[in-house]
Amino acid sequence: MTDTAERKMQFLFALRSKGVTDKRVLSAMERIDRGAFVRHYFLDRAYEDTPLPIACGQTISQPSVVGLMTQALKVQPRDTVLEVGTGSGYQAAILSQLARRVYTVDRHARLVREAQALFSELDMANITVFAADGSHGLPDQAPFDRILVTAAAEDPPGPLLAQLKIGGIMVLPVGQSDAVQHLIRVMRTENGFDYDELRPVRFVPLVEGLGRDG
């Protein structure tokens with residue numbers, strides 16, 4: 001028990017040292033146990049600040065990157081958030097602590113089923129998961145106050161920009177290869193979009209279509 005408590009304390013210290021300073025984000029990341037989203041072989045590494053493999057050739061992101069992306073999104077308590085790339089469900093779980101409602105979409109049906117089961121188990125009733133091509137967003141639920149994309153596109157996808165409310169924020173990795181990617185924040189204004197480059201990152205590519213994993 002002490003060991004776990006100590007590891008969690010080190011986990012939060014690592015987040016702060018990488019620039020995650022928003023109190024609401026830190027509090028959400030303290031409440032959500034990353035260990036619940038990491039599979040057996042990697043369980044002992046759940047509190048390390050490192051990405052880890054999950055099913056379908058995907059990864060659970062490095063916690064400090066999750067924290068920095070969440071912080072950049074500036075989620076407000078009444079916001080409706082779209083996450084593209086459910087993966088393990090860890091990022092959506094953190095967003096659920098900050099927003100009114102979270103919609104999350106993944107092209108891999110297996111990841112969607114596993115995340116849904118976890119959200120039910122953890123009693124996270126404000127998250128809805130869809131198996132769909134995330135590059136098209138979720139037109140039926142749009143518009144969104146915030147959009148977070150956890151896979152890299154060459155440019156911010158047009159459908160996602162269109163589904164962002166005026167005054168809304170989207171955070172996503174952009175880059176043409178896995179070697180050169182930057183985290184971008186897009187703010188929608190009355191007159192168009194403002195772009196900020198935040199930091200270099202590495203994410204799996206945003207792929208169109210559905211996965212073949214049933």
# chains A, B, ... in the order shown; residues from 1 in each chain; ligands from 1
call {"tool": "residues_around", "arguments": {"residues": "Glu83 of chain A", "least_positions_apart": "2", "cutoff": "8 Å", "atoms": "only C-alpha atoms", "output": "ChimeraX atom specification"}}
result
/A:81,85-86,92,102-105,147-150
call {"tool": "residues_around", "arguments": {"residues": "segment 62-74 of chain A", "least_positions_apart": "3", "cutoff": "8 Å", "atoms": "only C-alpha atoms", "output": "list in words"}}
result
Ala14, Leu15, Lys18, Gly19, Val20, Asp22, Val25, Leu26, Met29, Glu48, Asp49, Thr50, Pro51, Leu52, Gln91, Leu95, Arg146, Ile147, Leu148, Ile169, Met170, Val171 and Arg185 of chain A
call {"tool": "write_last_selection", "arguments": {"atoms": "N, CA and C atoms", "output": "PDB file, in the first residue's frame"}}
result
ATOM      1  N   ALA A  14       6.370  13.835 -11.278  1.00  0.00           N
ATOM      2  CA  ALA A  14       6.860  13.779 -12.672  1.00  0.00           C
ATOM      3  C   ALA A  14       5.994  14.659 -13.577  1.00  0.00           C
ATOM      4  N   LEU A  15       4.674  14.638 -13.348  1.00  0.00           N
ATOM      5  CA  LEU A  15       3.766  15.465 -14.159  1.00  0.00           C
ATOM      6  C   LEU A  15       4.095  16.951 -13.974  1.00  0.00           C
ATOM      7  N   LYS A  18       7.228  18.139 -15.661  1.00  0.00           N
ATOM      8  CA  LYS A  18       7.144  18.252 -17.121  1.00  0.00           C
ATOM      9  C   LYS A  18       6.254  19.424 -17.563  1.00  0.00           C
ATOM     10  N   GLY A  19       5.710  20.168 -16.582  1.00  0.00           N
ATOM     11  CA  GLY A  19       4.941  21.366 -16.948  1.00  0.00           C
ATOM     12  C   GLY A  19       3.440  21.256 -16.773  1.00  0.00           C
ATOM     13  N   VAL A  20       2.949  20.144 -16.181  1.00  0.00           N
ATOM     14  CA  VAL A  20       1.503  20.031 -15.909  1.00  0.00           C
ATOM     15  C   VAL A  20       1.254  20.715 -14.566  1.00  0.00           C
ATOM     16  N   ASP A  22      -1.795  22.827 -14.004  1.00  0.00           N
ATOM     17  CA  ASP A  22      -3.214  23.125 -13.784  1.00  0.00           C
ATOM     18  C   ASP A  22      -3.751  22.229 -12.660  1.00  0.00           C
ATOM     19  N   VAL A  25      -6.453  19.620 -13.598  1.00  0.00           N
ATOM     20  CA  VAL A  25      -5.899  18.508 -14.389  1.00  0.00           C
ATOM     21  C   VAL A  25      -5.131  17.554 -13.477  1.00  0.00           C
ATOM     22  N   LEU A  26      -4.293  18.104 -12.591  1.00  0.00           N
ATOM     23  CA  LEU A  26      -3.527  17.259 -11.665  1.00  0.00           C
ATOM     24  C   LEU A  26      -4.457  16.461 -10.758  1.00  0.00           C
ATOM     25  N   MET A  29      -5.959  13.624 -12.689  1.00  0.00           N
ATOM     26  CA  MET A  29      -4.978  12.572 -12.939  1.00  0.00           C
ATOM     27  C   MET A  29      -4.614  11.816 -11.661  1.00  0.00           C
ATOM     28  N   GLU A  48       4.899   4.869 -14.470  1.00  0.00           N
ATOM     29  CA  GLU A  48       6.072   5.466 -15.118  1.00  0.00           C
ATOM     30  C   GLU A  48       5.606   6.471 -16.167  1.00  0.00           C
ATOM     31  N   ASP A  49       6.393   7.500 -16.380  1.00  0.00           N
ATOM     32  CA  ASP A  49       6.034   8.508 -17.384  1.00  0.00           C
ATOM     33  C   ASP A  49       6.523   8.045 -18.756  1.00  0.00           C
ATOM     34  N   THR A  50       5.854   7.014 -19.243  1.00  0.00           N
ATOM     35  CA  THR A  50       6.265   6.430 -20.525  1.00  0.00           C
ATOM     36  C   THR A  50       5.039   5.888 -21.251  1.00  0.00           C
ATOM     37  N   PRO A  51       5.012   5.929 -22.609  1.00  0.00           N
ATOM     38  CA  PRO A  51       3.920   5.282 -23.328  1.00  0.00           C
ATOM     39  C   PRO A  51       4.074   3.760 -23.208  1.00  0.00           C
ATOM     40  N   LEU A  52       2.962   3.037 -23.257  1.00  0.00           N
ATOM     41  CA  LEU A  52       3.003   1.571 -23.153  1.00  0.00           C
ATOM     42  C   LEU A  52       2.115   0.960 -24.236  1.00  0.00           C
ATOM     43  N   GLN A  91      -7.335   8.627 -21.418  1.00  0.00           N
ATOM     44  CA  GLN A  91      -7.524  10.063 -21.662  1.00  0.00           C
ATOM     45  C   GLN A  91      -8.988  10.465 -21.486  1.00  0.00           C
ATOM     46  N   LEU A  95     -10.723  13.251 -18.959  1.00  0.00           N
ATOM     47  CA  LEU A  95     -11.622  14.304 -19.460  1.00  0.00           C
ATOM     48  C   LEU A  95     -12.981  14.249 -18.758  1.00  0.00           C
ATOM     49  N   ARG A 146     -14.909  21.350 -27.063  1.00  0.00           N
ATOM     50  CA  ARG A 146     -13.505  20.963 -27.095  1.00  0.00           C
ATOM     51  C   ARG A 146     -13.355  19.677 -27.909  1.00  0.00           C
ATOM     52  N   ILE A 147     -12.266  19.569 -28.664  1.00  0.00           N
ATOM     53  CA  ILE A 147     -11.948  18.340 -29.409  1.00  0.00           C
ATOM     54  C   ILE A 147     -10.483  18.004 -29.139  1.00  0.00           C
ATOM     55  N   LEU A 148     -10.247  16.738 -28.797  1.00  0.00           N
ATOM     56  CA  LEU A 148      -8.878  16.262 -28.551  1.00  0.00           C
ATOM     57  C   LEU A 148      -8.611  15.084 -29.476  1.00  0.00           C
ATOM     58  N   ILE A 169     -11.974  24.950 -28.648  1.00  0.00           N
ATOM     59  CA  ILE A 169     -10.539  24.644 -28.758  1.00  0.00           C
ATOM     60  C   ILE A 169     -10.357  23.190 -29.184  1.00  0.00           C
ATOM     61  N   MET A 170      -9.433  22.972 -30.117  1.00  0.00           N
ATOM     62  CA  MET A 170      -9.038  21.606 -30.489  1.00  0.00           C
ATOM     63  C   MET A 170      -7.532  21.477 -30.280  1.00  0.00           C
ATOM     64  N   VAL A 171      -7.115  20.359 -29.699  1.00  0.00           N
ATOM     65  CA  VAL A 171      -5.692  20.072 -29.512  1.00  0.00           C
ATOM     66  C   VAL A 171      -5.393  18.762 -30.229  1.00  0.00           C
ATOM     67  N   ARG A 185      -2.571  23.703 -30.984  1.00  0.00           N
ATOM     68  CA  ARG A 185      -3.869  24.098 -30.416  1.00  0.00           C
ATOM     69  C   ARG A 185      -4.564  25.002 -31.425  1.00  0.00           C
TER      70      ARG A 185
END
call {"tool": "residues_around", "arguments": {"residues": "Gln58 of chain A", "least_positions_apart": "2", "cutoff": "9 Å", "atoms": "only C-alpha atoms", "output": "VMD selection string"}}
result
chain A and resid 52 to 56 60 87 to 88 204
call {"tool": "closest_residue", "arguments": {"among": "A:Leu12, A:Ile184, A:Val207, A:Ala131", "to": "Ala151 of chain A", "atoms": "only C-alpha atoms"}}
result
A:Val207
call {"tool": "atom_distance", "arguments": {"atom1": "atom CA of Lys23 of chain A", "atom2": "atom CA of Phe11 of chain A"}}
result
14.7 Å
call {"tool": "select_by_dssp", "arguments": {"residues": "chain A", "states": "helix (DSSP H, G or I)", "output": "ChimeraX atom specification"}}
result
/A:2-17,23-31,34-37,40-45,55-57,63-73,90-96,109-121,134-136,158-162
call {"tool": "select_by_dssp", "arguments": {"residues": "segment 44-101 of chain A", "states": "strand (DSSP E or B)", "output": "MDAnalysis selection string"}}
result
chainID A and resid 52:53 59:60 80:84 101
call {"tool": "write_last_selection", "arguments": {"atoms": "C-alpha atoms", "output": "compact mmCIF listing (two decimals), in the first residue's frame"}}
result
# COMPACT_ATOMS: atom_id res chain seq x y z
CA LEU A 52 3.00 1.57 -23.15
CA PRO A 53 1.66 -0.88 -25.77
CA THR A 59 -0.35 2.73 -27.24
CA ILE A 60 -1.48 4.34 -24.00
CA THR A 80 -19.03 18.73 -24.24
CA VAL A 81 -15.80 17.15 -25.45
CA LEU A 82 -15.02 14.90 -28.43
CA GLU A 83 -11.98 12.65 -28.19
CA VAL A 84 -10.74 11.02 -31.40
CA ARG A 101 -19.99 15.03 -21.28
call {"tool": "closest_residue", "arguments": {"among": "A:Leu183, A:Thr21, A:Val38, A:Pro200", "to": "Glu114 of chain A", "atoms": "only C-alpha atoms"}}
result
A:Val38
